[in-house]
$ cat data15.csv   # CSV, C-alpha atoms
chain,number,residue,atom,x,y,z
S,234,MET,CA,32.3,56.2,12.1
S,235,ARG,CA,29.0,54.5,11.5
S,236,ASP,CA,26.5,56.3,9.3
S,237,ALA,CA,23.6,55.7,11.7
S,238,ASP,CA,25.6,57.3,14.5
S,239,LYS,CA,26.5,60.2,12.3
S,240,TYR,CA,22.9,60.7,11.3
S,241,TRP,CA,21.7,60.5,14.8
S,242,ALA,CA,24.3,63.1,16.0
S,243,MET,CA,23.6,65.5,13.2
S,244,GLN,CA,19.9,65.3,13.9
S,245,ASN,CA,20.4,66.1,17.6
S,246,LEU,CA,23.4,68.3,17.7
S,247,LYS,CA,24.2,71.6,16.0
S,248,ARG,CA,27.9,72.0,15.1
S,249,SER,CA,27.9,75.5,16.5
S,250,ASP,CA,26.6,74.2,19.8
S,251,LEU,CA,29.5,71.7,19.8
S,252,GLN,CA,32.0,74.4,19.2
S,253,THR,CA,30.5,76.5,21.9
S,254,GLU,CA,30.8,73.6,24.3
S,255,GLY,CA,34.4,72.9,23.1
S,256,LEU,CA,33.3,69.4,21.9
S,257,ASN,CA,34.5,67.6,18.8
S,258,LEU,CA,32.0,65.7,16.7
S,259,GLU,CA,34.4,62.9,15.9
S,260,THR,CA,35.1,62.4,19.7
S,261,LEU,CA,31.4,62.3,20.4
S,262,MET,CA,30.9,59.8,17.6
S,263,GLU,CA,33.7,57.6,18.9
S,264,ALA,CA,32.1,57.7,22.4
S,265,LEU,CA,28.8,56.7,21.0
S,266,PHE,CA,30.4,53.8,19.1
S,267,TYR,CA,32.1,52.4,22.1
S,268,ARG,CA,29.0,52.9,24.2
S,269,ASP,CA,26.9,50.8,21.7
S,270,GLU,CA,29.6,48.2,21.5
S,271,PHE,CA,29.7,48.0,25.3
S,272,LEU,CA,25.9,47.5,25.5
S,273,SER,CA,26.1,44.8,22.9
S,274,ILE,CA,28.9,42.9,24.7
S,275,ALA,CA,27.2,43.5,28.1
S,276,SER,CA,24.0,41.8,26.8
S,277,HIS,CA,26.1,38.8,25.6
S,278,GLU,CA,28.0,38.6,28.9
S,279,LEU,CA,24.9,38.6,30.9
S,280,LYS,CA,23.1,36.1,28.8
S,281,THR,CA,25.9,33.5,28.9
S,282,PRO,CA,25.7,32.7,32.6
S,283,LEU,CA,21.9,32.9,32.4
S,284,THR,CA,21.9,30.1,29.8
S,285,THR,CA,23.6,27.7,32.2
S,286,MET,CA,21.3,28.7,35.1
S,287,ARG,CA,18.1,28.6,33.0
S,288,LEU,CA,18.8,25.2,31.4
S,289,HIS,CA,19.7,23.6,34.7
S,290,THR,CA,16.6,24.8,36.5
S,291,GLN,CA,14.3,24.0,33.5
S,292,VAL,CA,15.7,20.4,33.4
S,293,PHE,CA,15.0,20.1,37.1
S,294,LYS,CA,11.6,21.5,36.7
S,295,ARG,CA,10.8,19.3,33.7
S,296,TYR,CA,11.6,16.1,35.7
S,297,SER,CA,10.0,17.2,38.9
S,298,THR,CA,6.8,17.9,37.0
S,299,LYS,CA,7.0,14.4,35.5
S,300,ASP,CA,7.5,13.1,39.0
S,301,GLN,CA,10.7,11.5,37.9
S,302,SER,CA,13.8,11.6,40.0
S,303,LEU,CA,17.1,12.6,38.5
S,304,PRO,CA,19.3,9.5,38.3
S,305,TYR,CA,22.4,11.4,39.4
S,306,SER,CA,24.9,10.7,42.1
S,307,LYS,CA,25.5,13.1,44.9
S,308,ASP,CA,28.8,14.1,43.2
S,309,LYS,CA,27.1,15.0,40.0
S,310,VAL,CA,24.4,17.0,41.8
S,311,ASP,CA,27.2,18.8,43.8
S,312,ARG,CA,28.9,19.7,40.5
S,313,LEU,CA,25.7,21.1,39.0
S,314,VAL,CA,24.9,23.1,42.0
S,315,ASN,CA,28.5,24.5,42.1
S,316,GLN,CA,28.1,25.4,38.4
S,317,ILE,CA,24.9,27.4,39.1
S,318,ASP,CA,26.6,29.0,42.1
S,319,ALA,CA,29.7,30.0,40.0
S,320,GLN,CA,27.5,31.4,37.2
S,321,THR,CA,25.5,33.4,39.9
S,322,SER,CA,28.8,34.9,41.1
S,323,ARG,CA,29.8,35.7,37.5
S,324,LEU,CA,26.5,37.6,37.1
S,325,ILE,CA,26.9,39.4,40.4
S,326,LYS,CA,30.4,40.5,39.3
S,327,LEU,CA,29.1,41.8,36.0
S,328,VAL,CA,26.3,43.8,37.6
S,329,GLU,CA,28.7,45.2,40.3
S,330,ASP,CA,31.1,46.3,37.6
S,331,MET,CA,28.3,48.1,35.8
S,332,LEU,CA,27.1,49.7,39.0
S,333,ASP,CA,30.7,50.9,39.7
S,334,ILE,CA,30.8,52.6,36.3
S,335,SER,CA,27.6,54.4,37.2
S,336,ARG,CA,29.1,55.3,40.7
S,337,ILE,CA,32.3,56.6,39.1
S,338,ARG,CA,30.3,58.8,36.6
S,339,SER,CA,28.2,60.3,39.4
S,340,GLY,CA,31.2,60.7,41.7
S,341,GLN,CA,29.7,58.3,44.2
S,342,LEU,CA,32.4,55.7,44.3
S,343,CYS,CA,32.8,55.9,48.1
S,344,MET,CA,36.0,54.9,49.8
S,345,THR,CA,36.2,53.8,53.4
S,346,LYS,CA,39.9,54.3,54.2
S,347,ASP,CA,41.8,52.7,56.9
S,348,ASP,CA,45.3,51.4,57.7
S,349,PHE,CA,45.5,47.7,56.5
S,350,ASN,CA,48.1,45.0,55.8
S,351,VAL,CA,48.2,45.0,52.0
S,352,SER,CA,50.6,42.0,51.9
S,353,ASP,CA,48.0,39.9,53.7
S,354,LEU,CA,45.3,41.3,51.4
S,355,LEU,CA,47.2,40.2,48.3
S,356,HIS,CA,47.6,36.7,49.6
S,357,ASP,CA,43.8,36.6,50.3
S,358,VAL,CA,43.0,37.8,46.8
S,359,VAL,CA,45.2,35.2,45.2
S,360,LEU,CA,43.6,32.4,47.3
S,361,LYS,CA,40.2,33.2,45.9
S,362,PHE,CA,41.2,32.1,42.4
S,363,SER,CA,40.7,28.5,41.4
S,364,LEU,CA,43.4,25.9,42.2
S,365,ASN,CA,44.4,25.7,38.5
S,366,GLN,CA,44.8,29.5,38.4
S,367,ILE,CA,46.7,29.6,41.7
S,368,ASN,CA,49.2,27.1,40.3
S,369,ARG,CA,50.0,29.5,37.5
S,370,ILE,CA,50.7,32.4,39.8
S,371,SER,CA,54.3,33.0,41.0
S,372,LEU,CA,53.9,35.3,44.0
S,373,LYS,CA,56.6,37.5,45.5
S,374,VAL,CA,55.4,39.6,48.3
S,375,ASP,CA,57.3,41.7,50.9
S,376,THR,CA,55.7,40.9,54.3
S,377,ASN,CA,53.8,43.4,56.5
S,378,ILE,CA,53.4,46.3,54.1
S,379,PHE,CA,50.8,48.7,55.3
S,380,LEU,CA,48.7,50.9,53.1
S,381,TRP,CA,46.2,53.7,53.9
S,382,GLY,CA,43.2,53.0,51.8
S,383,ASP,CA,39.9,51.2,51.1
S,384,CYS,CA,40.8,47.5,51.6
S,385,GLU,CA,37.9,46.1,49.5
S,386,ARG,CA,38.6,48.5,46.6
S,387,VAL,CA,42.3,47.7,46.6
S,388,ALA,CA,41.4,44.0,46.6
S,389,GLN,CA,39.3,44.8,43.5
S,390,VAL,CA,42.3,46.4,41.8
S,391,PHE,CA,44.5,43.3,42.6
S,392,HIS,CA,41.8,40.9,41.4
S,393,ASN,CA,41.0,42.8,38.2
S,394,ILE,CA,44.7,43.0,37.1
S,395,ILE,CA,45.6,39.4,38.1
S,396,ASN,CA,42.4,38.1,36.5
S,397,ASN,CA,43.2,39.9,33.2
S,398,ALA,CA,46.7,38.4,33.2
S,399,LEU,CA,45.3,34.9,33.7
S,400,LYS,CA,42.7,35.4,31.0
S,401,PHE,CA,45.0,36.9,28.4
S,402,SER,CA,47.9,34.5,28.8
S,403,LYS,CA,45.9,31.2,28.4
S,404,ASP,CA,47.7,28.5,30.4
S,405,LEU,CA,51.0,30.3,30.9
S,406,PRO,CA,52.4,31.3,34.3
S,407,ILE,CA,52.2,34.9,35.6
S,408,GLU,CA,54.3,36.8,38.1
S,409,VAL,CA,52.7,38.8,40.8
S,410,THR,CA,54.9,41.1,42.9
S,411,LEU,CA,54.3,43.5,45.8
S,412,ILE,CA,57.3,45.4,47.1
S,413,LYS,CA,57.9,48.5,49.2
S,414,LYS,CA,60.4,51.0,48.0
S,415,LYS,CA,61.3,54.1,49.9
S,416,THR,CA,58.4,56.3,48.9
S,417,LYS,CA,56.0,53.9,47.3
S,418,ILE,CA,54.3,50.5,47.4
S,419,SER,CA,54.6,48.8,44.1
S,420,PHE,CA,52.2,46.1,42.9
S,421,SER,CA,53.0,44.5,39.5
S,422,VAL,CA,51.7,41.6,37.4
S,423,LYS,CA,53.7,40.2,34.5
S,424,ASP,CA,52.2,37.9,31.9
S,425,GLN,CA,53.3,36.2,28.7
S,426,GLY,CA,50.1,36.8,26.9
S,427,HIS,CA,49.0,38.4,23.6
S,428,GLY,CA,50.6,41.8,24.5
S,429,ILE,CA,49.0,45.1,23.8
S,430,SER,CA,49.9,47.4,20.9
S,431,GLN,CA,51.1,51.0,21.6
S,432,GLU,CA,47.8,52.3,20.3
S,433,ASN,CA,45.7,50.1,22.6
S,434,GLN,CA,47.9,50.8,25.6
S,435,LYS,CA,46.7,54.4,25.4
S,436,ARG,CA,43.1,53.5,25.6
S,437,ILE,CA,42.7,50.3,27.7
S,438,PHE,CA,42.3,52.3,30.9
S,439,HIS,CA,39.3,54.1,29.4
S,440,ARG,CA,35.7,53.2,29.9
S,441,PHE,CA,34.2,50.6,27.5
S,442,GLN,CA,37.5,50.0,25.8
S,443,ARG,CA,39.6,46.8,25.6
S,444,GLY,CA,43.0,45.7,24.3
S,445,ILE,CA,41.6,42.7,22.5
S,446,SER,CA,38.5,41.8,20.6
S,447,ALA,CA,35.5,40.8,22.7
S,448,SER,CA,35.2,37.6,20.7
S,449,GLU,CA,38.7,36.6,21.8
S,450,VAL,CA,38.3,36.9,25.6
S,451,SER,CA,35.1,37.3,27.5
S,452,GLY,CA,34.4,40.3,29.9
S,453,LEU,CA,33.0,43.7,29.7
S,454,GLY,CA,36.3,45.6,29.3
S,455,LEU,CA,35.6,47.6,32.5
S,456,GLY,CA,38.1,46.1,34.8
S,457,LEU,CA,41.1,48.3,34.0
S,458,TYR,CA,39.0,51.5,34.0
S,459,ILE,CA,37.6,50.7,37.4
S,460,ALA,CA,41.1,49.8,38.6
S,461,ARG,CA,42.4,53.1,37.4
S,462,GLU,CA,39.7,55.1,39.1
S,463,ILE,CA,40.3,53.3,42.4
S,464,VAL,CA,44.1,53.7,42.2
S,465,GLU,CA,43.8,57.4,41.4
S,466,SER,CA,41.4,57.9,44.3
S,467,HIS,CA,44.3,56.6,46.4
S,468,ASN,CA,46.7,59.1,44.8
S,469,GLY,CA,48.3,56.2,43.0
S,470,LYS,CA,49.3,55.5,39.5
S,471,ILE,CA,48.6,52.6,37.2
S,472,SER,CA,50.6,51.9,34.1
S,473,VAL,CA,51.4,49.2,31.5
S,474,LYS,CA,54.5,48.1,29.6
S,475,SER,CA,53.8,45.7,26.8
S,476,CYS,CA,55.2,44.1,23.7
S,477,PRO,CA,52.7,42.5,21.3
S,478,GLU,CA,53.0,38.7,21.3
S,479,LYS,CA,55.5,38.8,24.2
S,480,GLY,CA,53.3,39.9,27.1
S,481,SER,CA,52.5,42.8,29.4
S,482,THR,CA,53.4,44.1,32.8
S,483,PHE,CA,50.8,46.1,34.7
S,484,THR,CA,52.2,48.2,37.6
S,485,VAL,CA,50.3,50.0,40.3
S,486,ASP,CA,52.2,52.4,42.5
S,487,PHE,CA,50.7,53.6,45.8
S,488,ILE,CA,52.2,56.3,47.9
S,489,SER,CA,53.6,54.9,51.1
S,490,LYS,CA,51.5,55.8,54.2
S,491,ASP,CA,54.6,57.5,55.7
S,492,LEU,CA,54.4,60.2,53.1
S,493,LEU,CA,50.6,60.9,53.3
A,157,MET,CA,20.5,4.8,14.3
A,158,ASN,CA,20.2,8.4,15.3
A,159,HIS,CA,23.0,10.8,14.5
A,160,PRO,CA,24.4,12.8,17.4
A,161,ILE,CA,23.8,16.5,18.0
A,162,CYS,CA,27.1,18.5,17.7
A,163,ILE,CA,27.6,21.3,20.2
A,164,ILE,CA,30.4,23.9,19.7
A,165,ASP,CA,30.9,26.4,22.5
A,166,ASP,CA,34.0,27.7,24.2
A,167,ASP,CA,32.1,27.9,27.5
A,168,GLU,CA,32.5,24.5,29.3
A,169,ASP,CA,29.5,25.1,31.4
A,170,ILE,CA,27.2,25.7,28.5
A,171,ARG,CA,28.5,22.7,26.6
A,172,GLY,CA,27.9,20.7,29.8
A,173,VAL,CA,24.4,21.9,30.5
A,174,ILE,CA,23.2,21.3,26.9
A,175,GLU,CA,24.7,17.7,27.0
A,176,TYR,CA,23.0,17.2,30.3
A,177,ALA,CA,19.6,18.5,29.1
A,178,LEU,CA,19.7,16.2,26.0
A,179,GLU,CA,21.0,13.2,27.9
A,180,PHE,CA,17.7,13.1,29.8
A,181,GLU,CA,15.9,12.8,26.5
A,182,ASN,CA,18.2,10.0,25.3
A,183,ILE,CA,19.8,12.2,22.7
A,184,LYS,CA,23.4,11.6,22.0
A,185,THR,CA,25.8,14.5,21.7
A,186,ILE,CA,29.4,15.3,20.7
A,187,SER,CA,31.0,18.5,21.9
A,188,PHE,CA,33.9,20.7,21.0
A,189,GLU,CA,35.4,23.7,22.7
A,190,SER,CA,36.3,25.4,19.5
A,191,ALA,CA,35.3,25.6,15.8
A,192,LYS,CA,38.7,24.5,14.8
A,193,LEU,CA,38.6,21.3,16.8
A,194,ALA,CA,35.1,20.7,15.5
A,195,GLU,CA,36.3,21.1,11.9
A,196,GLU,CA,39.2,18.8,12.5
A,197,HIS,CA,37.0,16.0,13.9
A,198,LEU,CA,33.9,16.4,11.7
A,199,SER,CA,35.9,16.5,8.4
A,200,GLN,CA,37.2,13.0,9.2
A,201,LEU,CA,33.8,11.5,9.5
A,202,SER,CA,32.1,9.4,6.8
A,203,PRO,CA,28.8,10.8,5.5
A,204,ASP,CA,27.0,8.1,7.5
A,205,ASP,CA,28.4,9.3,10.8
A,206,LEU,CA,27.7,13.0,10.4
A,207,PRO,CA,25.8,14.7,13.2
A,208,SER,CA,22.1,15.4,12.6
A,209,LEU,CA,22.4,19.1,13.7
A,210,ILE,CA,25.3,21.4,14.7
A,211,ILE,CA,24.6,24.0,17.4
A,212,VAL,CA,27.5,26.5,17.3
A,213,ASP,CA,28.1,29.5,19.5
A,214,TYR,CA,28.6,32.8,17.9
A,215,MET,CA,31.2,34.5,20.1
A,216,MET,CA,34.2,32.3,20.3
A,217,PRO,CA,37.9,33.1,20.0
A,218,THR,CA,39.9,32.4,16.8
A,219,MET,CA,36.9,31.4,14.7
A,220,ASN,CA,33.4,32.6,15.6
A,221,GLY,CA,30.2,30.8,14.8
A,222,VAL,CA,29.4,32.7,11.6
A,223,GLU,CA,33.0,32.2,10.3
A,224,PHE,CA,32.6,28.5,11.0
A,225,ILE,CA,29.4,28.4,9.0
A,226,SER,CA,31.0,30.1,6.1
A,227,LEU,CA,33.9,27.7,6.3
A,228,LEU,CA,31.5,24.7,6.0
A,229,ASP,CA,29.8,26.3,3.0
A,230,GLU,CA,33.1,27.1,1.2
A,231,LYS,CA,35.3,24.1,2.1
A,232,TYR,CA,32.8,21.3,2.7
A,233,SER,CA,29.8,22.3,0.7
A,234,GLU,CA,29.1,18.7,-0.3
A,235,THR,CA,29.4,17.1,3.1
A,236,LEU,CA,29.5,19.1,6.4
A,237,GLY,CA,28.0,22.1,4.6
A,238,LYS,CA,24.7,20.2,4.3
A,239,ILE,CA,24.1,19.6,8.0
A,240,PRO,CA,21.4,21.8,9.5
A,241,LEU,CA,22.9,24.6,11.6
A,242,ALA,CA,21.8,26.6,14.6
A,243,LEU,CA,23.7,29.6,15.9
A,244,SER,CA,23.4,30.3,19.6
A,245,THR,CA,23.9,33.9,20.6
A,246,GLY,CA,23.0,36.6,23.0
A,247,PHE,CA,23.2,39.2,20.3
A,248,LEU,CA,20.1,40.6,18.5
A,249,SER,CA,19.4,39.7,14.9
A,250,ASP,CA,20.4,43.1,13.6
A,251,GLN,CA,23.7,43.0,15.4
A,252,ILE,CA,25.1,40.0,13.4
A,253,LYS,CA,24.7,38.8,9.9
A,254,ILE,CA,23.3,35.3,9.9
A,255,PRO,CA,22.6,33.3,6.7
A,256,LYS,CA,18.9,32.7,6.1
A,257,TYR,CA,19.3,28.9,6.3
A,258,VAL,CA,20.7,29.1,9.8
A,259,ILE,CA,18.4,28.8,12.8
A,260,LYS,CA,19.0,31.4,15.5
A,261,LEU,CA,19.0,30.0,19.0
A,262,ASP,CA,18.7,32.9,21.4
A,263,LYS,CA,20.6,33.0,24.7
A,264,PRO,CA,19.6,32.5,27.4
A,265,ILE,CA,18.5,29.3,25.8
A,266,ASN,CA,15.0,28.0,26.7
A,267,LEU,CA,14.9,24.3,27.2
A,268,GLN,CA,11.6,23.9,25.3
A,269,ASP,CA,13.1,25.7,22.3
A,270,LEU,CA,16.2,23.6,22.5
A,271,LEU,CA,14.3,20.3,22.7
A,272,GLU,CA,11.9,21.2,19.9
A,273,LEU,CA,14.8,22.1,17.6
A,274,VAL,CA,16.9,19.1,18.5
A,275,LYS,CA,14.2,16.5,18.3
A,276,LYS,CA,13.1,17.8,14.9
A,277,TYR,CA,16.5,16.8,13.5
A,278,TYR,CA,17.6,14.0,15.8
A,279,PHE,CA,14.6,11.8,15.2
A,280,ASP,CA,14.3,12.4,11.5
A,281,SER,CA,17.6,11.5,9.8
A,282,ASP,CA,16.4,11.9,6.2
A,283,TYR,CA,17.7,15.4,6.1
A,284,VAL,CA,21.4,14.3,5.7
A,285,LEU,CA,22.8,15.4,2.4
A,286,ASP,CA,19.4,16.8,1.5
A,287,GLU,CA,20.0,20.3,0.2
A,288,LYS,CA,16.4,21.4,0.9
A,289,SER,CA,16.7,20.7,4.6
A,290,ARG,CA,19.0,23.7,4.8
A,291,THR,CA,16.2,26.0,3.7
A,292,LEU,CA,14.1,26.6,6.8

$ encode --input "data15.csv" --output "structure tokens"
Amino acid sequence: MRDADKYWAMQNLKRSDLQTEGLNLETLMEALFYRDEFLSIASHELKTPLTTMRLHTQVFKRYSTKDQSLPYSKDKVDRLVNQIDAQTSRLIKLVEDMLDISRIRSGQLCMTKDDFNVSDLLHDVVLKFSLNQINRISLKVDTNIFLWGDCERVAQVFHNIINNALKFSKDLPIEVTLIKKKTKISFSVKDQGHGISQENQKRIFHRFQRGISASEVSGLGLGLYIAREIVESHNGKISVKSCPEKGSTFTVDFISKDLL
Amino acid sequence: MNHPICIIDDDEDIRGVIEYALEFENIKTISFESAKLAEEHLSQLSPDDLPSLIIVDYMMPTMNGVEFISLLDEKYSETLGKIPLALSTGFLSDQIKIPKYVIKLDKPINLQDLLELVKKYYFDSDYVLDEKSRTL
């Protein structure tokens, strides 16, 4: 526990009040620590794509002011514009994740449920990754599985878990599976990445927590928390099996529509 | 002959855009995606070929920017350790410990700040192996 946090808490909270509310000071301190760490990582994550966008636009501005044309081929201009576009998408995703956290906290993460083909949805999600990433994905999907749920939110779950596996396993292949068993629809992603310790497995589905240092892999550490909230709002269950240095398997079990 | 500006950042787009911005000013660059690769390459260079400035990102896997700076000081104090250093980061000053002689380049990087910093070292090569140049 950091001294500054402890001091702050002691100034603002009375131990008796905590006991009355059934709260534990250590737990509150831990929550404060993770919140501060999150804010710090969030500012870094937001500023990184902004750097690319800002420098590109300032270079264009500098040369247009000088009335000089940029001596670049169409291909190079296309590549630069695509970079700005990709960084814009990265920023939007970060902001959306932060808004989702806020929605979850206030109970406003709305679901628009319908019957949809989850097999097709998974194919669509995979196709949105880059070609290099798609080449690393081994996909095994039972066809025409239908699920009762929010199609966009389930796509978000698939994306977050696949994206994590790709990020945490560097250039190694991953296995993505969607199968229907008697009572459930099971989605799983197996990677050969760093793996997650037993201790971290307990906390990675919680807000602001991550299984690996922020300096190792970029991201806000919100993806699994958001995924868990979405899965649970579909009466599903998300779990992980992992062995450090050997890899992890994340599994999401949805209840088959027939049983709802 | 001017010595290149060395850029170390694990984000390919950021390396690319800094190279791109400096290219327009006729400033040469060499880039590395990790501190480890930079160490491997730079440690092989003769003193005459050392870069005029190293811009290193703080948040990188395996070895972060501050660890890289410490490595230069401890292992290469007579060579690489004398090159002026700038640490690029989105963190605030009170969130990371930066040695006093290191310039902090705040993200999102402003082109004017980048050019002022780079030109100061790129067009004045007398700093090389000059201990005082590290005190800014």

$ closest_residue --input "data15.csv" --among "A:Glu195, A:Asp229, A:Glu179, A:Asp167" --to "Pro255 (chain A)" --atoms "all atoms listed in the file"
A:Asp229

$ closest_residue --input "data15.csv" --among "S:Ser489, S:Asn393, S:Asn365, S:Asn315" --to "chain A" --atoms "all atoms listed in the file"
S:Asn315

$ interface_residues --input "data15.csv" --of "chain A" --to "chain S" --cutoff "6 Å" --atoms "all atoms listed in the file" --output "list in words"
Ile170, Met215, Met216, Pro217, Gly246, Lys263, Pro264, Ile265 and Leu267 of chain A

$ atom_distance --input "data15.csv" --atom1 "CA of Lys361 (chain S)" --atom2 "CA of His392 (chain S)"
9.1 Å

$ residues_near_point --input "data15.csv" --point "(46.5, 47.3, 53.3)" --cutoff "12 Å" --atoms "all atoms listed in the file" --output "number ranges by chain"
S: 346-357, 376-388, 391, 411, 418, 420, 467, 487-490

$ write_last_selection --input "data15.csv" --atoms "C-alpha atoms" --output "compact mmCIF listing (two decimals), in the frame of the given file"
# COMPACT_ATOMS: atom_id res chain seq x y z
CA LYS S 346 39.90 54.30 54.20
CA ASP S 347 41.80 52.70 56.90
CA ASP S 348 45.30 51.40 57.70
CA PHE S 349 45.50 47.70 56.50
CA ASN S 350 48.10 45.00 55.80
CA VAL S 351 48.20 45.00 52.00
CA SER S 352 50.60 42.00 51.90
CA ASP S 353 48.00 39.90 53.70
CA LEU S 354 45.30 41.30 51.40
CA LEU S 355 47.20 40.20 48.30
CA HIS S 356 47.60 36.70 49.60
CA ASP S 357 43.80 36.60 50.30
CA THR S 376 55.70 40.90 54.30
CA ASN S 377 53.80 43.40 56.50
CA ILE S 378 53.40 46.30 54.10
CA PHE S 379 50.80 48.70 55.30
CA LEU S 380 48.70 50.90 53.10
CA TRP S 381 46.20 53.70 53.90
CA GLY S 382 43.20 53.00 51.80
CA ASP S 383 39.90 51.20 51.10
CA CYS S 384 40.80 47.50 51.60
CA GLU S 385 37.90 46.10 49.50
CA ARG S 386 38.60 48.50 46.60
CA VAL S 387 42.30 47.70 46.60
CA ALA S 388 41.40 44.00 46.60
CA PHE S 391 44.50 43.30 42.60
CA LEU S 411 54.30 43.50 45.80
CA ILE S 418 54.30 50.50 47.40
CA PHE S 420 52.20 46.10 42.90
CA HIS S 467 44.30 56.60 46.40
CA PHE S 487 50.70 53.60 45.80
CA ILE S 488 52.20 56.30 47.90
CA SER S 489 53.60 54.90 51.10
CA LYS S 490 51.50 55.80 54.20

$ residues_around --input "data15.csv" --residues "Leu270 (chain A)" --least-positions-apart "6" --cutoff "12 Å" --atoms "all atoms listed in the file" --output "list in words"
Thr284, Arg287, Leu288, Gln291 and Val292 of chain S; Ile161, Ile163, Val173, Ile174, Glu175, Ala177, Leu178, Glu181, Ile183, Leu209, Ile211, Ala242, Leu243, Ser244, Ile259, Lys260, Leu261, Asp262, Lys263, Pro264, Lys276, Tyr277 and Tyr278 of chain A

$ build_atoms --input "data15.csv" --residues "region 230-235 of chain A" --atoms "all heavy atoms" --output "short mmCIF file (atom, residue, chain, number, x, y, z; two decimals), in the frame of the given file"
data_model
loop_
_atom_site.label_atom_id
_atom_site.label_comp_id
_atom_site.auth_asym_id
_atom_site.auth_seq_id
_atom_site.Cartn_x
_atom_site.Cartn_y
_atom_site.Cartn_z
N GLU A 230 32.03 26.95 2.28
CA GLU A 230 33.10 27.10 1.20
C GLU A 230 33.92 25.87 1.05
O GLU A 230 34.22 25.49 -0.07
CB GLU A 230 33.97 28.30 1.63
CG GLU A 230 33.26 29.65 1.45
CD GLU A 230 33.95 30.77 2.23
OE1 GLU A 230 35.12 30.59 2.63
OE2 GLU A 230 33.30 31.80 2.45
N LYS A 231 34.29 25.23 2.15
CA LYS A 231 35.30 24.10 2.10
C LYS A 231 34.61 22.76 2.03
O LYS A 231 35.18 21.81 1.51
CB LYS A 231 36.21 24.25 3.27
CG LYS A 231 37.50 23.48 3.13
CD LYS A 231 38.44 23.87 4.28
CE LYS A 231 39.61 22.92 4.40
NZ LYS A 231 40.44 23.23 5.57
N TYR A 232 33.43 22.65 2.63
CA TYR A 232 32.80 21.30 2.70
C TYR A 232 31.37 21.36 2.23
O TYR A 232 30.46 20.79 2.86
CB TYR A 232 32.81 20.86 4.19
CG TYR A 232 34.17 20.84 4.84
CD1 TYR A 232 34.57 21.88 5.70
CD2 TYR A 232 35.06 19.80 4.63
CE1 TYR A 232 35.81 21.88 6.30
CE2 TYR A 232 36.32 19.78 5.24
CZ TYR A 232 36.69 20.83 6.07
OH TYR A 232 37.92 20.82 6.68
N SER A 233 31.14 22.05 1.12
CA SER A 233 29.80 22.30 0.70
C SER A 233 29.01 20.96 0.38
O SER A 233 27.79 20.90 0.52
CB SER A 233 29.75 23.18 -0.55
OG SER A 233 30.48 22.56 -1.58
N GLU A 234 29.74 19.92 0.03
CA GLU A 234 29.10 18.70 -0.30
C GLU A 234 28.92 17.71 0.88
O GLU A 234 28.30 16.65 0.77
CB GLU A 234 29.83 17.93 -1.44
CG GLU A 234 29.80 18.66 -2.76
CD GLU A 234 28.36 18.93 -3.23
OE1 GLU A 234 27.56 17.98 -3.24
OE2 GLU A 234 28.06 20.10 -3.55
N THR A 235 29.51 18.04 1.99
CA THR A 235 29.40 17.10 3.10
C THR A 235 28.93 17.88 4.38
O THR A 235 27.72 17.98 4.60
CB THR A 235 30.83 16.52 3.45
OG1 THR A 235 31.79 17.58 3.54
CG2 THR A 235 31.24 15.54 2.36
#
